[in-house]
Amino acid sequence: MPLSPVLTGLRTYPFVRLTEARQAAEARGVDVIDLGIGEPREPVPALLRDALADAVRAEEVSPYPLAAGLPELREAAAAWVGRRFGAALDPATEVVPTLGAKELIFGLAQVVAGPGARVAVTVPGYPVAARGALFAGAEVVEVPLDPAGGWLPELPDLSGVDLLWLNFPGNPTAATAPLSFLEEAAARCRAAGTVLACDEAYSELWFEGAPPASALQVADRTGVLAVHTLSKRSSVPGYRCGFAAGDPELVAALKRFRPNAGVTPQAFVQRTGAVAYGDEAHVAEARERYRAKREVLLPALLAAGLEPAGGPATFFLWLRVPGGDDEALAARWLDELGLVVTPGSFFGPAGAGHVRVALVPTVARCEEAAARLGSSG
C-alpha cells in the first residue's frame with residue numbers, strides 16, 4: 001500500500017508513546033496518576049455546558065459552517081483581544097475561527113509555505129508545527145531556545161525563511177516572552193518577508209508577574225498571525241474552538257484555504273465560543289485551581305531532586321533532571337511510583353535532560369502524587 005514517505009518516516013507521535021506506556025502500567029494493575037499529557041481535566045463550566053445545549057436546541061437545521069465563521073464568534077474574539085491585550089481587531093477581516101489551535105498550527109505551512117519552502121520552529125517545542133511543515137513539503141529549520149536567556153530564542157538570519165513559529169507562553173518550557181522581544185521578532189520577519197506565527201494557547205495561565213503579552217500587541221501586524229484556543233483557557237479541549245487573528249492578508253488566505261480542508265467549528269460550538277470569550281470568571285477560577293496544584297506539586301518535585309528550569313506560565317512545570325537521563329527517570333517513576341511525566345527528549349534533543357509535568361489531575365490526585373514522591377526517599 002503506498003503511503004506518504006513523510007508519514008512512514010516519522011517516529012510515533014510522542015504522546016502516543018506516553019499513552020501506551022501508561023496503558024501498559026495500568027494493565028499490570030498500577031494506580032497511575034497521569035502528569036504527562038497536557039489535556040485539561042477541569043470540569044466544563046456550567047455556563048458553557050448550558051450555552052452549548054441552548055445552541056444545539058436552537059439549531060433545527062444544521063448546515064455546513066462557512067469558512068469565515070459566525071460573526072458573533074469573530075466579534076467576541078475581537079472584543080476579548082481588545083480587553084485583554086488592548087489591541088483593536090476588525091472582526092470581519094482580521095479574525096477567523098479555528099478548530100482549536102492544533103489544526104491551524106499543522107496546516108498553516110500549506111497556506112504560506114508549501115513544497116520547497118523553509119519553516120523555522122523553536123526547540124524544544126510542541127512538535128505539530130514541524131510535522132505540519134514536513135507534510136506540506138517544506139524544510140524545517142530548528143531554532144534553539146536559550147535556557148540561560150529565559151528560554152527565548154536567539155533569532156536567526158531569516159533570509160529564505162518563509163514562516164517562523166513562536167510559542168509563548170511556551171510548551172514545554174512554561175516561559176513567557178516580553179513584548180519587546182515580540183516587536184523585534186515581528187520587525188525581523190517583516191524585513192525578511194517572513195510570516196511570524198505565534199501559538200498563544202496558554203496566554204491565560206500564568207502565576208507570577210504581569211499577564212503574558214501577545215504578538216497582536218505589536219505596533220505593525222504586517223505578516224503576523226496569532227493563534228488562540230478555548231481548550232486551556234476555558235477547559236474545553238473537546239469543543240475544539242479557537243481563532244487565528246492578525247494581518248488581514250493572512251486571514252484572507254486562510255479563508256480561501258479552509259473550505260478545502262473542512263475545519264471550521266460547528267455553528268453550535270462557535271456560539272458557545274462567543275459566550276466563553278465574553279466571560280472571565282470561569283477563566284480566573286481555573287487559573288486558581290492550577291495555582292493550587294502547582295503549590296502542591298512543585299515543592300515535592302524539588303524535594304525529589306529535580307531542579308527548576310522553566311518559566312511561570314502554562315499548566316506545565318519544566319524541570320531539570322540531575323544526571324540528565326530524563327527517559328530513565330520517567331520510566332522509573334512510572335514503575336515505582338505510578339506517576340507519568342513526559343521526558344524532555346520527547347520534544348527533541350534540545351529538551352533532553354528535563355521532564356515536563358502537567359498539572360492536569362485533580363488537586364486531590366496532585367496531593368497523592370506529592371505524597372508518593374515524598375515517600376520515595
# chains A, B, ... in the order shown; residues from 1 in each chain; ligands from 1
>>> select_by_dssp(residues="stretch 173-355 of chain A", states="strand (DSSP E or B)", output="ChimeraX atom specification")
/A:195-199,206,224-229,242-246,307-308,313,316-320,339-340,342-343,354-355
>>> residues_around(residues="stretch 324-332 of chain A", least_positions_apart="4", cutoff="9 Å", atoms="only C-alpha atoms", output="JSON list (two decimals) with C-alpha atoms, in the first residue's frame")
[["chain", "number", "residue", "atom", "x", "y", "z"],
["A", 21, "ALA", "CA", 3.35, 3.30, 28.48],
["A", 320, "ARG", "CA", 15.96, 19.71, 35.05],
["A", 336, "GLU", "CA", 7.94, 2.59, 41.16],
["A", 337, "LEU", "CA", 5.51, 5.44, 41.86],
["A", 338, "GLY", "CA", 2.80, 5.10, 39.24],
["A", 339, "LEU", "CA", 3.50, 8.65, 38.04],
["A", 340, "VAL", "CA", 3.57, 9.57, 34.36],
["A", 341, "VAL", "CA", 5.78, 12.52, 33.41],
["A", 342, "THR", "CA", 6.95, 13.48, 29.93],
["A", 343, "PRO", "CA", 10.65, 13.11, 29.15],
["A", 344, "GLY", "CA", 12.03, 16.32, 27.71],
["A", 345, "SER", "CA", 13.62, 14.33, 24.88],
["A", 346, "PHE", "CA", 10.08, 13.76, 23.54],
["A", 352, "ALA", "CA", 16.86, 16.12, 26.81],
["A", 353, "GLY", "CA", 17.81, 16.26, 30.47],
["A", 354, "HIS", "CA", 14.43, 17.70, 31.50],
["A", 355, "VAL", "CA", 10.95, 16.46, 32.29]]
>>> closest_residue(among="A:Ala109, A:Val251, A:Ala284, A:Cys366", to="A:Asp90", atoms="only C-alpha atoms")
A:Val251
>>> residues_around(residues="A:Pro40", least_positions_apart="2", cutoff="9 Å", atoms="only C-alpha atoms", output="list in words")
Ile37, Gly38, Glu42, Pro43, Ser231, Lys232, Ser235, Val236, Pro237, Phe315, Leu359, Val360 and Pro361 of chain A
>>> closest_residue(among="A:Arg356, A:Arg287, A:Arg28, A:Arg256", to="A:Leu66", atoms="only C-alpha atoms")
A:Arg256
>>> residues_around(residues="stretch 94-106 of chain A", least_positions_apart="4", cutoff="8 Å", atoms="only C-alpha atoms", output="PyMOL selection string")
chain A and resi 67-69+73-74+77-78+89-90+128-133+199+201+227-231+237+239-248+251+254-255+263-265+270
>>> closest_residue(among="A:Ile33, A:Pro147, A:Gly137, A:Gly209", to="A:Val363", atoms="only C-alpha atoms")
A:Ile33
>>> select_by_dssp(residues="stretch 223-356 of chain A", states="helix (DSSP H, G or I)", output="NGL selection string")
:A and (230-233 or 237-239 or 248-261 or 267-277 or 281-303 or 326-337 or 344-347 or 349-351)
>>> residues_around(residues="A:Arg11", least_positions_apart="4", cutoff="12 Å", atoms="only C-alpha atoms", output="number ranges by chain")
A: 5-7, 15-17, 127, 131, 346, 348
>>> residues_around(residues="A:Gly29", least_positions_apart="4", cutoff="12 Å", atoms="only C-alpha atoms", output="ChimeraX atom specification")
/A:22-25,335,338
>>> closest_residue(among="A:Gly160, A:Val30, A:Val81, A:Val143", to="A:Gly116", atoms="only C-alpha atoms")
A:Gly160
>>> closest_atom_pairs(of="stretch 248-300 of chain A", to="stretch 306-314 of chain A", cutoff="12 Å", atoms="only C-alpha atoms", output="tab-separated table")
residue	atom	partner	partner_atom	distance
A:Ala286	CA	A:Thr314	CA	11.8
A:Arg287	CA	A:Thr314	CA	9.5
A:Tyr290	CA	A:Thr314	CA	9.0
A:Arg291	CA	A:Ala313	CA	10.0
A:Arg294	CA	A:Pro312	CA	10.1
A:Leu297	CA	A:Leu306	CA	11.7
A:Leu298	CA	A:Pro308	CA	8.7
A:Pro299	CA	A:Leu306	CA	9.7
A:Ala300	CA	A:Leu306	CA	9.2
>>> closest_residue(among="A:Ala175, A:Leu250, A:Ala87, A:Leu155", to="A:Val195", atoms="only C-alpha atoms")
A:Leu250
